[in-house]
Amino acid sequence: MTKTTSTTTGRTTARTPNTTPPTFDSYDEFWPYYVAMHSRAATRWVHLAGTLTGLALSAYGLARGRKRYALALPLIGYGTAWPAHWFIEKNNPATFGHPAWSLRGDRQMIATMLAGRDRELGETAAKWLAENR
């Protein structure tokens, strides 16, 4: 089943739920969608835990001169985040359709959470989902 959605620029995009990501003209258009793909707090917290764990191991390894530890960030970060999408959100990671913007979204989402504004993310997700599903 295909659903048609309109973007803020008026361009219409057809997509199949959970399989074909919509297209966007800018990161600002993409951001609410990205947050909506992380609508459940548990998904966001798994992302945060995986990213911070991977970052800590990478930093530790690099400080010890073990360059292979740099792989901990993408392996642990994505290795925890992607299953959270499949098992908690029941969707595909936004990374599959928009890798560069998703990386930027990860950074922005985690910074927002670390600033104590996770509730704001939940509200952004709920608004996007109400308007687009």
# chains A, B, ... in the order shown; residues from 1 in each chain; ligands from 1
call {"tool": "residues_around", "arguments": {"residues": "segment 107-113 of chain A", "least_positions_apart": "5", "cutoff": "9 Å", "atoms": "only C-alpha atoms", "output": "PyMOL selection string"}}
result
chain A and resi 35+44-45+47-48+51+102+118-121
call {"tool": "closest_residue", "arguments": {"among": "A:Ala36, A:Phe30, A:Gly97, A:Gly105", "to": "Leu129 of chain A", "atoms": "only C-alpha atoms"}}
result
A:Ala36
call {"tool": "select_by_dssp", "arguments": {"residues": "segment 19-76 of chain A", "states": "helix (DSSP H, G or I)", "output": "number ranges by chain"}}
result
A: 27-36, 41-63, 67-76
call {"tool": "closest_residue", "arguments": {"among": "A:Lys90, A:Trp101, A:Ala126, A:Gly116", "to": "Phe24 of chain A", "atoms": "only C-alpha atoms"}}
result
A:Trp101
call {"tool": "residues_around", "arguments": {"residues": "Val46 of chain A", "least_positions_apart": "2", "cutoff": "10 Å", "atoms": "only C-alpha atoms", "output": "VMD selection string"}}
result
chain A and resid 41 to 44 48 to 52 77 80 to 85 88
call {"tool": "write_last_selection", "arguments": {"atoms": "N, CA and C atoms", "output": "compact mmCIF listing (two decimals), in the first residue's frame"}}
result
# COMPACT_ATOMS: atom_id res chain seq x y z
N ALA A 41 10.68 6.55 23.15
CA ALA A 41 11.82 6.95 23.99
C ALA A 41 12.85 5.84 24.10
N ALA A 42 12.40 4.59 24.15
CA ALA A 42 13.34 3.47 24.27
C ALA A 42 14.30 3.43 23.09
N THR A 43 13.82 3.71 21.90
CA THR A 43 14.69 3.73 20.72
C THR A 43 15.74 4.82 20.85
N ARG A 44 15.31 5.99 21.27
CA ARG A 44 16.26 7.10 21.43
C ARG A 44 17.31 6.77 22.49
N LEU A 48 21.36 6.52 22.22
CA LEU A 48 22.26 7.28 23.09
C LEU A 48 23.27 6.36 23.76
N ALA A 49 22.80 5.26 24.33
CA ALA A 49 23.70 4.33 25.03
C ALA A 49 24.72 3.73 24.07
N GLY A 50 24.28 3.30 22.89
CA GLY A 50 25.19 2.71 21.91
C GLY A 50 26.22 3.69 21.42
N THR A 51 25.78 4.91 21.12
CA THR A 51 26.70 5.93 20.62
C THR A 51 27.73 6.31 21.68
N LEU A 52 27.27 6.55 22.90
CA LEU A 52 28.21 6.95 23.96
C LEU A 52 29.17 5.81 24.32
N GLY A 77 27.66 1.71 17.87
CA GLY A 77 26.59 2.69 17.65
C GLY A 77 25.49 2.15 16.77
N THR A 80 23.74 -1.30 17.92
CA THR A 80 22.65 -1.23 18.90
C THR A 80 21.45 -0.47 18.33
N ALA A 81 21.72 0.56 17.52
CA ALA A 81 20.63 1.40 17.01
C ALA A 81 19.74 0.67 16.01
N TRP A 82 20.32 -0.02 15.05
CA TRP A 82 19.50 -0.65 14.03
C TRP A 82 18.54 -1.69 14.59
N PRO A 83 18.98 -2.59 15.47
CA PRO A 83 18.00 -3.53 16.05
C PRO A 83 16.89 -2.82 16.83
N ALA A 84 17.21 -1.67 17.44
CA ALA A 84 16.17 -0.92 18.15
C ALA A 84 15.08 -0.48 17.17
N HIS A 85 15.46 -0.12 15.96
CA HIS A 85 14.45 0.24 14.96
C HIS A 85 13.57 -0.96 14.62
N ILE A 88 11.88 -2.31 18.36
CA ILE A 88 11.12 -1.37 19.18
C ILE A 88 10.21 -0.50 18.31
call {"tool": "select_by_dssp", "arguments": {"residues": "chain A", "states": "strand (DSSP E)", "output": "list in words"}}
result
Lys3, Thr4, Thr5, Ser6, Thr12, Thr13, Ala14 and Arg15 of chain A
call {"tool": "write_last_selection", "arguments": {"atoms": "N, CA, C and O atoms", "output": "mmCIF file, in the first residue's frame"}}
result
data_model
loop_
_atom_site.group_PDB
_atom_site.id
_atom_site.type_symbol
_atom_site.label_atom_id
_atom_site.label_comp_id
_atom_site.auth_asym_id
_atom_site.auth_seq_id
_atom_site.Cartn_x
_atom_site.Cartn_y
_atom_site.Cartn_z
ATOM 1 N N LYS A 3 1.282 5.417 0.228
ATOM 2 C CA LYS A 3 0.672 6.615 0.796
ATOM 3 C C LYS A 3 1.337 7.821 0.168
ATOM 4 O O LYS A 3 2.531 7.840 -0.037
ATOM 5 N N THR A 4 0.568 8.844 -0.135
ATOM 6 C CA THR A 4 1.112 10.061 -0.697
ATOM 7 C C THR A 4 1.202 11.104 0.402
ATOM 8 O O THR A 4 0.257 11.309 1.152
ATOM 9 N N THR A 5 2.343 11.742 0.494
ATOM 10 C CA THR A 5 2.537 12.787 1.490
ATOM 11 C C THR A 5 3.018 14.050 0.798
ATOM 12 O O THR A 5 3.591 14.003 -0.282
ATOM 13 N N SER A 6 2.780 15.184 1.418
ATOM 14 C CA SER A 6 3.266 16.455 0.907
ATOM 15 C C SER A 6 4.341 16.975 1.843
ATOM 16 O O SER A 6 4.204 16.888 3.054
ATOM 17 N N THR A 12 5.103 16.624 -3.683
ATOM 18 C CA THR A 12 4.447 15.414 -3.200
ATOM 19 C C THR A 12 5.357 14.218 -3.406
ATOM 20 O O THR A 12 6.003 14.092 -4.433
ATOM 21 N N THR A 13 5.389 13.354 -2.410
ATOM 22 C CA THR A 13 6.226 12.171 -2.460
ATOM 23 C C THR A 13 5.365 10.950 -2.171
ATOM 24 O O THR A 13 4.632 10.936 -1.189
ATOM 25 N N ALA A 14 5.463 9.928 -2.998
ATOM 26 C CA ALA A 14 4.753 8.680 -2.732
ATOM 27 C C ALA A 14 5.702 7.738 -2.022
ATOM 28 O O ALA A 14 6.881 7.680 -2.334
ATOM 29 N N ARG A 15 5.177 7.004 -1.039
ATOM 30 C CA ARG A 15 6.030 6.058 -0.327
ATOM 31 C C ARG A 15 5.205 4.910 0.199
ATOM 32 O O ARG A 15 4.015 5.022 0.409
#
call {"tool": "closest_residue", "arguments": {"among": "A:Leu73, A:Ala100, A:Ala125, A:Ala63", "to": "His38 of chain A", "atoms": "only C-alpha atoms"}}
result
A:Ala125
call {"tool": "decode", "arguments": {"residues": "segment 80-122 of chain A", "atoms": "C-alpha atoms", "output": "short mmCIF file (atom, residue, chain, number, x, y, z; two decimals), in the first residue's frame"}}
result
data_model
loop_
_atom_site.label_atom_id
_atom_site.label_comp_id
_atom_site.auth_asym_id
_atom_site.auth_seq_id
_atom_site.Cartn_x
_atom_site.Cartn_y
_atom_site.Cartn_z
CA THR A 80 22.65 -1.23 18.90
CA ALA A 81 20.63 1.40 17.01
CA TRP A 82 19.50 -0.65 14.03
CA PRO A 83 18.00 -3.53 16.05
CA ALA A 84 16.17 -0.92 18.15
CA HIS A 85 14.45 0.24 14.96
CA TRP A 86 13.43 -3.27 13.98
CA PHE A 87 12.34 -4.51 17.40
CA ILE A 88 11.12 -1.37 19.18
CA GLU A 89 10.00 1.04 16.45
CA LYS A 90 9.10 -1.63 13.87
CA ASN A 91 10.64 0.50 11.11
CA ASN A 92 13.83 0.73 9.08
CA PRO A 93 16.61 3.09 10.16
CA ALA A 94 16.57 6.47 8.39
CA THR A 95 20.25 5.76 7.65
CA PHE A 96 19.23 3.42 4.84
CA GLY A 97 17.63 6.21 2.81
CA HIS A 98 19.49 9.28 4.05
CA PRO A 99 22.92 8.32 5.46
CA ALA A 100 24.54 11.77 5.73
CA TRP A 101 21.49 13.51 7.17
CA SER A 102 20.93 10.58 9.54
CA LEU A 103 24.42 10.94 10.94
CA ARG A 104 23.75 14.63 11.50
CA GLY A 105 20.37 13.70 13.01
CA ASP A 106 22.03 11.24 15.40
CA ARG A 107 24.31 14.00 16.61
CA GLN A 108 21.47 16.49 17.00
CA MET A 109 19.16 13.97 18.71
CA ILE A 110 21.85 12.91 21.18
CA ALA A 111 22.80 16.53 21.92
CA THR A 112 19.12 17.31 22.53
CA MET A 113 18.82 14.35 24.90
CA LEU A 114 21.99 15.26 26.78
CA ALA A 115 20.56 18.77 27.20
CA GLY A 116 17.59 17.18 29.02
CA ARG A 117 15.11 17.82 26.20
CA ASP A 118 14.02 14.27 25.30
CA ARG A 119 10.38 15.23 25.83
CA GLU A 120 10.72 17.79 23.02
CA LEU A 121 11.85 14.99 20.69
CA GLY A 122 8.78 12.94 21.60
#
